[in-house]
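Q: Data file model-v7.pdb (PDB, C-alpha atoms, pLDDT in the B column) is appended below.
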ATOM      1  CA  MET A 676      67.186  -9.143  25.965  1.00 48.00           C
ATOM      2  CA  THR A 677      63.991 -10.020  27.844  1.00 52.00           C
ATOM      3  CA  ARG A 678      61.416  -7.313  28.333  1.00 52.00           C
ATOM      4  CA  SER A 679      59.429  -7.126  31.532  1.00 51.00           C
ATOM      5  CA  LEU A 680      56.749  -4.921  30.005  1.00 63.00           C
ATOM      6  CA  THR A 681      53.301  -6.286  29.295  1.00 69.00           C
ATOM      7  CA  ARG A 682      52.664  -6.811  25.606  1.00 71.00           C
ATOM      8  CA  PHE A 683      49.710  -4.873  24.232  1.00 79.00           C
ATOM      9  CA  VAL A 684      48.255  -6.423  21.107  1.00 78.00           C
ATOM     10  CA  ALA A 685      44.882  -6.090  19.371  1.00 75.00           C
ATOM     11  CA  SER A 686      44.713  -9.661  18.075  1.00 79.00           C
ATOM     12  CA  GLU A 687      46.545 -12.273  20.125  1.00 80.00           C
ATOM     13  CA  HIS A 688      45.935 -14.933  17.460  1.00 82.00           C
ATOM     14  CA  LEU A 689      48.167 -12.955  15.066  1.00 84.00           C
ATOM     15  CA  VAL A 690      51.167 -12.723  17.404  1.00 84.00           C
ATOM     16  CA  SER A 691      54.177 -14.299  15.741  1.00 83.00           C
ATOM     17  CA  ASP A 692      56.655 -16.382  17.707  1.00 83.00           C
ATOM     18  CA  THR A 693      59.444 -14.615  15.846  1.00 85.00           C
ATOM     19  CA  SER A 694      58.201 -11.026  16.335  1.00 86.00           C
ATOM     20  CA  GLU A 695      55.810 -10.257  19.139  1.00 87.00           C
ATOM     21  CA  GLU A 696      56.939  -6.670  18.758  1.00 85.00           C
ATOM     22  CA  LEU A 697      55.328  -6.431  15.306  1.00 89.00           C
ATOM     23  CA  SER A 698      51.932  -7.160  16.864  1.00 87.00           C
ATOM     24  CA  GLU A 699      52.626  -4.459  19.437  1.00 88.00           C
ATOM     25  CA  LEU A 700      53.524  -2.048  16.646  1.00 89.00           C
ATOM     26  CA  GLU A 701      50.326  -2.893  14.773  1.00 90.00           C
ATOM     27  CA  TYR A 702      48.209  -2.249  17.854  1.00 89.00           C
ATOM     28  CA  GLY A 703      50.054   1.023  18.361  1.00 90.00           C
ATOM     29  CA  LEU A 704      49.386   1.958  14.728  1.00 94.00           C
ATOM     30  CA  ILE A 705      45.675   1.228  15.149  1.00 93.00           C
ATOM     31  CA  MET A 706      45.467   3.316  18.316  1.00 95.00           C
ATOM     32  CA  ALA A 707      47.633   6.140  16.973  1.00 95.00           C
ATOM     33  CA  GLY A 708      45.838   6.172  13.620  1.00 96.00           C
ATOM     34  CA  ASN A 709      42.428   6.478  15.239  1.00 97.00           C
ATOM     35  CA  ALA A 710      43.655   9.110  17.710  1.00 97.00           C
ATOM     36  CA  PHE A 711      45.340  11.082  14.918  1.00 98.00           C
ATOM     37  CA  ASN A 712      42.221  10.982  12.741  1.00 98.00           C
ATOM     38  CA  ARG A 713      40.094  12.167  15.664  1.00 98.00           C
ATOM     39  CA  TRP A 714      42.620  14.917  16.392  1.00 98.00           C
ATOM     40  CA  MET A 715      42.669  16.158  12.787  1.00 98.00           C
ATOM     41  CA  MET A 716      38.866  16.352  12.687  1.00 98.00           C
ATOM     42  CA  ARG A 717      38.633  18.197  16.030  1.00 98.00           C
ATOM     43  CA  CYS A 718      41.484  20.545  15.133  1.00 98.00           C
ATOM     44  CA  MET A 719      39.899  21.356  11.775  1.00 98.00           C
ATOM     45  CA  LEU A 720      36.520  21.925  13.394  1.00 98.00           C
ATOM     46  CA  ALA A 721      38.142  24.323  15.890  1.00 98.00           C
ATOM     47  CA  ALA A 722      39.834  26.072  12.952  1.00 98.00           C
ATOM     48  CA  GLY A 723      36.472  26.601  11.255  1.00 98.00           C
ATOM     49  CA  GLY A 724      36.332  23.669   8.825  1.00 98.00           C
ATOM     50  CA  LYS A 725      32.958  21.960   9.034  1.00 94.00           C
ATOM     51  CA  ASP A 726      32.286  18.236   8.486  1.00 94.00           C
ATOM     52  CA  MET A 727      35.694  17.378   7.060  1.00 98.00           C
ATOM     53  CA  THR A 728      37.046  13.827   7.081  1.00 98.00           C
ATOM     54  CA  PRO A 729      40.681  13.008   7.844  1.00 98.00           C
ATOM     55  CA  ILE A 730      41.264  12.288   4.132  1.00 98.00           C
ATOM     56  CA  GLU A 731      39.840  15.670   3.136  1.00 98.00           C
ATOM     57  CA  ILE A 732      42.011  17.397   5.741  1.00 98.00           C
ATOM     58  CA  SER A 733      45.139  15.548   4.577  1.00 98.00           C
ATOM     59  CA  VAL A 734      44.355  16.335   0.941  1.00 98.00           C
ATOM     60  CA  LEU A 735      43.751  20.024   1.723  1.00 98.00           C
ATOM     61  CA  HIS A 736      47.063  20.334   3.580  1.00 98.00           C
ATOM     62  CA  HIS A 737      48.951  18.535   0.821  1.00 98.00           C
ATOM     63  CA  VAL A 738      47.343  20.586  -1.954  1.00 98.00           C
ATOM     64  CA  GLY A 739      48.426  23.701  -0.050  1.00 97.00           C
ATOM     65  CA  HIS A 740      51.948  22.361   0.535  1.00 97.00           C
ATOM     66  CA  ARG A 741      54.515  24.763  -0.931  1.00 95.00           C
ATOM     67  CA  GLU A 742      51.721  26.583  -2.770  1.00 90.00           C
ATOM     68  CA  ARG A 743      52.285  24.519  -5.931  1.00 94.00           C
ATOM     69  CA  ARG A 744      49.581  23.059  -8.144  1.00 97.00           C
ATOM     70  CA  LYS A 745      49.211  19.294  -7.819  1.00 98.00           C
ATOM     71  CA  ARG A 746      47.820  16.549 -10.047  1.00 98.00           C
ATOM     72  CA  LEU A 747      45.504  13.846  -8.679  1.00 98.00           C
ATOM     73  CA  ALA A 748      48.133  11.153  -9.274  1.00 97.00           C
ATOM     74  CA  ASP A 749      50.741  13.139  -7.346  1.00 97.00           C
ATOM     75  CA  ILE A 750      48.389  13.725  -4.416  1.00 98.00           C
ATOM     76  CA  CYS A 751      47.587  10.003  -4.248  1.00 98.00           C
ATOM     77  CA  PHE A 752      51.258   9.076  -4.524  1.00 97.00           C
ATOM     78  CA  VAL A 753      52.481  11.384  -1.767  1.00 97.00           C
ATOM     79  CA  LEU A 754      49.645  10.462   0.603  1.00 97.00           C
ATOM     80  CA  ASN A 755      50.080   6.751  -0.254  1.00 96.00           C
ATOM     81  CA  ILE A 756      46.421   6.358  -1.240  1.00 97.00           C
ATOM     82  CA  GLU A 757      45.871   3.650  -3.822  1.00 95.00           C
ATOM     83  CA  ASP A 758      42.192   4.314  -4.566  1.00 96.00           C
ATOM     84  CA  THR A 759      42.051   7.509  -6.625  1.00 97.00           C
ATOM     85  CA  HIS A 760      38.263   7.663  -6.175  1.00 98.00           C
ATOM     86  CA  ILE A 761      38.738   8.475  -2.479  1.00 98.00           C
ATOM     87  CA  VAL A 762      40.956  11.445  -3.300  1.00 98.00           C
ATOM     88  CA  THR A 763      38.736  12.510  -6.210  1.00 98.00           C
ATOM     89  CA  TYR A 764      35.735  12.628  -3.869  1.00 98.00           C
ATOM     90  CA  ALA A 765      37.723  14.577  -1.264  1.00 98.00           C
ATOM     91  CA  LEU A 766      38.862  17.068  -3.902  1.00 98.00           C
ATOM     92  CA  LYS A 767      35.280  17.459  -5.158  1.00 98.00           C
ATOM     93  CA  LYS A 768      34.105  18.290  -1.620  1.00 98.00           C
ATOM     94  CA  LEU A 769      37.009  20.700  -1.099  1.00 98.00           C
ATOM     95  CA  VAL A 770      36.257  22.461  -4.396  1.00 98.00           C
ATOM     96  CA  THR A 771      32.550  22.682  -3.483  1.00 98.00           C
ATOM     97  CA  GLY A 772      33.530  24.054  -0.061  1.00 98.00           C
ATOM     98  CA  GLY A 773      35.626  26.764  -1.695  1.00 98.00           C
ATOM     99  CA  TYR A 774      38.943  25.573  -0.259  1.00 98.00           C
ATOM    100  CA  VAL A 775      40.473  24.141  -3.436  1.00 98.00           C
ATOM    101  CA  LYS A 776      40.258  25.122  -7.089  1.00 98.00           C
ATOM    102  CA  SER A 777      40.960  23.070 -10.186  1.00 98.00           C
ATOM    103  CA  GLU A 778      42.565  24.173 -13.411  1.00 97.00           C
ATOM    104  CA  LYS A 779      42.857  22.175 -16.611  1.00 97.00           C
ATOM    105  CA  ILE A 780      46.171  22.591 -18.402  1.00 96.00           C
ATOM    106  CA  GLY A 781      46.321  20.541 -21.578  1.00 96.00           C
ATOM    107  CA  LYS A 782      45.012  17.097 -20.664  1.00 95.00           C
ATOM    108  CA  GLU A 783      45.908  17.406 -16.985  1.00 96.00           C
ATOM    109  CA  VAL A 784      43.839  18.827 -14.137  1.00 97.00           C
ATOM    110  CA  PHE A 785      45.786  20.619 -11.416  1.00 98.00           C
ATOM    111  CA  PHE A 786      44.558  21.493  -7.944  1.00 98.00           C
ATOM    112  CA  SER A 787      45.587  24.343  -5.678  1.00 98.00           C
ATOM    113  CA  THR A 788      44.223  25.979  -2.571  1.00 98.00           C
ATOM    114  CA  THR A 789      42.051  29.057  -2.735  1.00 98.00           C
ATOM    115  CA  ASP A 790      42.602  32.011  -0.426  1.00 98.00           C
ATOM    116  CA  ALA A 791      39.948  30.492   1.867  1.00 98.00           C
ATOM    117  CA  GLY A 792      41.771  27.137   1.796  1.00 98.00           C
ATOM    118  CA  GLN A 793      45.086  28.758   2.652  1.00 98.00           C
ATOM    119  CA  ALA A 794      43.467  30.729   5.482  1.00 98.00           C
ATOM    120  CA  LEU A 795      41.869  27.558   6.860  1.00 98.00           C
ATOM    121  CA  CYS A 796      45.219  25.747   6.797  1.00 98.00           C
ATOM    122  CA  LEU A 797      46.840  28.633   8.684  1.00 98.00           C
ATOM    123  CA  GLU A 798      44.045  28.645  11.255  1.00 98.00           C
ATOM    124  CA  TYR A 799      44.509  24.861  11.639  1.00 98.00           C
ATOM    125  CA  ARG A 800      48.188  25.558  12.299  1.00 98.00           C
ATOM    126  CA  GLU A 801      47.287  28.046  15.029  1.00 98.00           C
ATOM    127  CA  VAL A 802      44.991  25.531  16.742  1.00 98.00           C
ATOM    128  CA  ARG A 803      47.689  22.857  16.348  1.00 97.00           C
ATOM    129  CA  GLU A 804      50.284  25.117  17.951  1.00 96.00           C
ATOM    130  CA  SER A 805      48.072  26.015  20.894  1.00 96.00           C
ATOM    131  CA  CYS A 806      46.721  22.517  21.567  1.00 96.00           C
ATOM    132  CA  LEU A 807      49.092  19.851  20.253  1.00 96.00           C
ATOM    133  CA  ILE A 808      52.492  21.498  20.482  1.00 93.00           C
ATOM    134  CA  ALA A 809      51.751  22.647  24.034  1.00 87.00           C
ATOM    135  CA  VAL A 810      50.889  19.061  25.028  1.00 93.00           C
ATOM    136  CA  LEU A 811      54.015  17.761  23.280  1.00 92.00           C
ATOM    137  CA  ARG A 812      56.214  20.068  25.379  1.00 87.00           C
ATOM    138  CA  GLU A 813      54.621  18.707  28.547  1.00 92.00           C
ATOM    139  CA  SER A 814      54.787  15.050  27.443  1.00 93.00           C
ATOM    140  CA  GLY A 815      58.477  14.553  28.045  1.00 92.00           C
ATOM    141  CA  LEU A 816      59.035  13.422  24.452  1.00 94.00           C
ATOM    142  CA  SER A 817      61.954  15.118  22.763  1.00 94.00           C
ATOM    143  CA  ASN A 818      61.986  16.292  19.158  1.00 94.00           C
ATOM    144  CA  GLU A 819      64.724  13.703  18.568  1.00 96.00           C
ATOM    145  CA  GLN A 820      62.426  10.902  19.801  1.00 96.00           C
ATOM    146  CA  ILE A 821      59.626  12.178  17.567  1.00 95.00           C
ATOM    147  CA  GLY A 822      62.051  12.155  14.621  1.00 97.00           C
ATOM    148  CA  VAL A 823      63.102   8.551  15.341  1.00 97.00           C
ATOM    149  CA  ALA A 824      59.440   7.494  15.556  1.00 95.00           C
ATOM    150  CA  ALA A 825      58.715   9.235  12.225  1.00 96.00           C
ATOM    151  CA  HIS A 826      61.622   7.378  10.610  1.00 97.00           C
ATOM    152  CA  ILE A 827      60.377   4.041  11.959  1.00 95.00           C
ATOM    153  CA  LEU A 828      56.839   4.718  10.723  1.00 95.00           C
ATOM    154  CA  ARG A 829      58.057   5.600   7.213  1.00 95.00           C
ATOM    155  CA  HIS A 830      60.140   2.422   7.166  1.00 96.00           C
ATOM    156  CA  ALA A 831      57.184   0.352   8.443  1.00 95.00           C
ATOM    157  CA  SER A 832      55.048   1.870   5.677  1.00 95.00           C
ATOM    158  CA  GLY A 833      57.491   0.462   3.127  1.00 95.00           C
ATOM    159  CA  LEU A 834      57.407  -2.966   4.788  1.00 96.00           C
ATOM    160  CA  TYR A 835      53.604  -3.048   4.698  1.00 96.00           C
ATOM    161  CA  ASP A 836      53.536  -1.838   1.073  1.00 96.00           C
ATOM    162  CA  SER A 837      55.944  -4.613   0.109  1.00 96.00           C
ATOM    163  CA  ALA A 838      53.930  -7.210   2.013  1.00 96.00           C
ATOM    164  CA  ALA A 839      50.714  -5.951   0.349  1.00 96.00           C
ATOM    165  CA  ARG A 840      52.279  -6.482  -3.083  1.00 95.00           C
ATOM    166  CA  ALA A 841      53.327  -9.998  -2.049  1.00 97.00           C
ATOM    167  CA  ALA A 842      49.815 -10.770  -0.729  1.00 97.00           C
ATOM    168  CA  ALA A 843      48.260  -9.462  -3.955  1.00 96.00           C
ATOM    169  CA  SER A 844      50.279 -11.989  -5.950  1.00 96.00           C
ATOM    170  CA  LEU A 845      49.045 -15.009  -3.955  1.00 96.00           C
TER     171      LEU A 845
END
For this file, produce the structure as structure tokens.

A:
Amino acid sequence: MTRSLTRFVASEHLVSDTSEELSELEYGLIMAGNAFNRWMMRCMLAAGGKDMTPIEISVLHHVGHRERRKRLADICFVLNIEDTHIVTYALKKLVTGGYVKSEKIGKEVFFSTTDAGQALCLEYREVRESCLIAVLRESGLSNEQIGVAAHILRHASGLYDSAARAAASL
């Protein structure tokens, strides 16, 4: 099937003869990733969180997920972050900011949100509902389409993880 749409790629020299679409996906990931990071920072600022990076915001939301204590390794695993130092630094800033607390149990350190952290996450949700969800309704995208895109992105994540392991062995 021939497509009549213009291909949008970030790096033409990387376009493969066997999958032009992969280059399109990569450009879309770059654009979406940067837009999403910008959105998270602006949403958090509107919610009352000051000077928070996208990693810190992601870590805060995950630590608050299901109101269960989490270990550093589990946070890194779920967020697919290989460098534990990045998450350690984010957690340190969140603890200093009063949004997360740590608790040592045996040899393990567990993290959970404070009341202030939970309140900030709920305020973020309110801003998200009023700004993002409203725009989604007007966009013409259905929840089913969003679900399909989420599935594709999770699958692509696995492909890139596998390719990264292969590249590391070269």

Q: For this structure, which residues satisfy the selection - the PyMOL selection byres ((chain A and resi 819-829) around 12) - when it is evaluated on the file as given? I want them as a PyMOL selection string.

A: chain A and resi 700-701+703-704+707-708+754-755+811-812+814-818+830-836

Q: Taking (39.1, 26.7, 13.4) in the file's coordinates as the center, which residues reach within 9 Å of it, counting all atoms listed in the file, put as a PyMOL selection string?

A: chain A and resi 717-725+795+798-799+801-802

Q: Between CA of Asp749 in chain A and CA of Leu766 in chain A, what is the spacing in Å?

A: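 Straight-line distance from CA of Leu766 in chain A to CA of Asp749 in chain A works out to 13.0 Å.
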
Q: Which value, in Å to one decimal, gives the distance between CA of Glu687 in chain A and CA of Glu699 in chain A?

A: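 CA of Glu699 in chain A lies 9.9 Å from CA of Glu687 in chain A.
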
Q: Using the chain letters and numbering of this document, enumerate as a list in words the residues selected by the PyMOL selection byres ((chain A and resi 753) around 12).

A: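 On the file shown, the PyMOL selection byres ((chain A and resi 753) around 12) covers Ser733, Val734, His736, His737, Val738, His740, Lys745, Arg746, Leu747, Ala748, Asp749, Ile750, Cys751, Phe752, Leu754, Asn755, Ile756, Glu757 and Val762 of chain A.
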
Q: N, CA, C and O atoms are needed for range 809-822 of chain A; please write them out as an mmCIF file, in the frame of the given file.

A:
data_model
loop_
_atom_site.group_PDB
_atom_site.id
_atom_site.type_symbol
_atom_site.label_atom_id
_atom_site.label_comp_id
_atom_site.auth_asym_id
_atom_site.auth_seq_id
_atom_site.Cartn_x
_atom_site.Cartn_y
_atom_site.Cartn_z
ATOM 1 N N ALA A 809 51.692 22.414 22.587
ATOM 2 C CA ALA A 809 51.751 22.647 24.034
ATOM 3 C C ALA A 809 51.758 21.327 24.799
ATOM 4 O O ALA A 809 52.515 21.151 25.755
ATOM 5 N N VAL A 810 50.944 20.378 24.377
ATOM 6 C CA VAL A 810 50.889 19.061 25.028
ATOM 7 C C VAL A 810 52.191 18.303 24.784
ATOM 8 O O VAL A 810 52.698 17.628 25.684
ATOM 9 N N LEU A 811 52.744 18.427 23.592
ATOM 10 C CA LEU A 811 54.015 17.761 23.280
ATOM 11 C C LEU A 811 55.115 18.236 24.224
ATOM 12 O O LEU A 811 55.877 17.421 24.746
ATOM 13 N N ARG A 812 55.187 19.536 24.474
ATOM 14 C CA ARG A 812 56.214 20.068 25.379
ATOM 15 C C ARG A 812 56.087 19.479 26.779
ATOM 16 O O ARG A 812 57.080 19.220 27.438
ATOM 17 N N GLU A 813 54.865 19.242 27.203
ATOM 18 C CA GLU A 813 54.621 18.707 28.547
ATOM 19 C C GLU A 813 54.763 17.187 28.619
ATOM 20 O O GLU A 813 54.829 16.626 29.704
ATOM 21 N N SER A 814 54.813 16.517 27.471
ATOM 22 C CA SER A 814 54.787 15.050 27.443
ATOM 23 C C SER A 814 56.106 14.400 27.847
ATOM 24 O O SER A 814 56.132 13.230 28.202
ATOM 25 N N GLY A 815 57.178 15.134 27.754
ATOM 26 C CA GLY A 815 58.477 14.553 28.045
ATOM 27 C C GLY A 815 59.143 13.951 26.819
ATOM 28 O O GLY A 815 60.296 13.525 26.888
ATOM 29 N N LEU A 816 58.434 13.907 25.693
ATOM 30 C CA LEU A 816 59.035 13.422 24.452
ATOM 31 C C LEU A 816 59.898 14.520 23.851
ATOM 32 O O LEU A 816 59.494 15.682 23.802
ATOM 33 N N SER A 817 61.071 14.140 23.394
ATOM 34 C CA SER A 817 61.954 15.118 22.763
ATOM 35 C C SER A 817 61.680 15.143 21.261
ATOM 36 O O SER A 817 61.121 14.198 20.693
ATOM 37 N N ASN A 818 62.103 16.210 20.619
ATOM 38 C CA ASN A 818 61.986 16.292 19.158
ATOM 39 C C ASN A 818 62.781 15.167 18.501
ATOM 40 O O ASN A 818 62.381 14.638 17.470
ATOM 41 N N GLU A 819 63.911 14.797 19.102
ATOM 42 C CA GLU A 819 64.724 13.703 18.568
ATOM 43 C C GLU A 819 63.944 12.384 18.605
ATOM 44 O O GLU A 819 63.941 11.623 17.631
ATOM 45 N N GLN A 820 63.236 12.122 19.702
ATOM 46 C CA GLN A 820 62.426 10.902 19.801
ATOM 47 C C GLN A 820 61.298 10.904 18.771
ATOM 48 O O GLN A 820 61.010 9.876 18.164
ATOM 49 N N ILE A 821 60.686 12.054 18.569
ATOM 50 C CA ILE A 821 59.626 12.178 17.567
ATOM 51 C C ILE A 821 60.200 11.888 16.181
ATOM 52 O O ILE A 821 59.592 11.186 15.368
ATOM 53 N N GLY A 822 61.391 12.399 15.912
ATOM 54 C CA GLY A 822 62.051 12.155 14.621
ATOM 55 C C GLY A 822 62.353 10.683 14.396
ATOM 56 O O GLY A 822 62.182 10.160 13.296
#
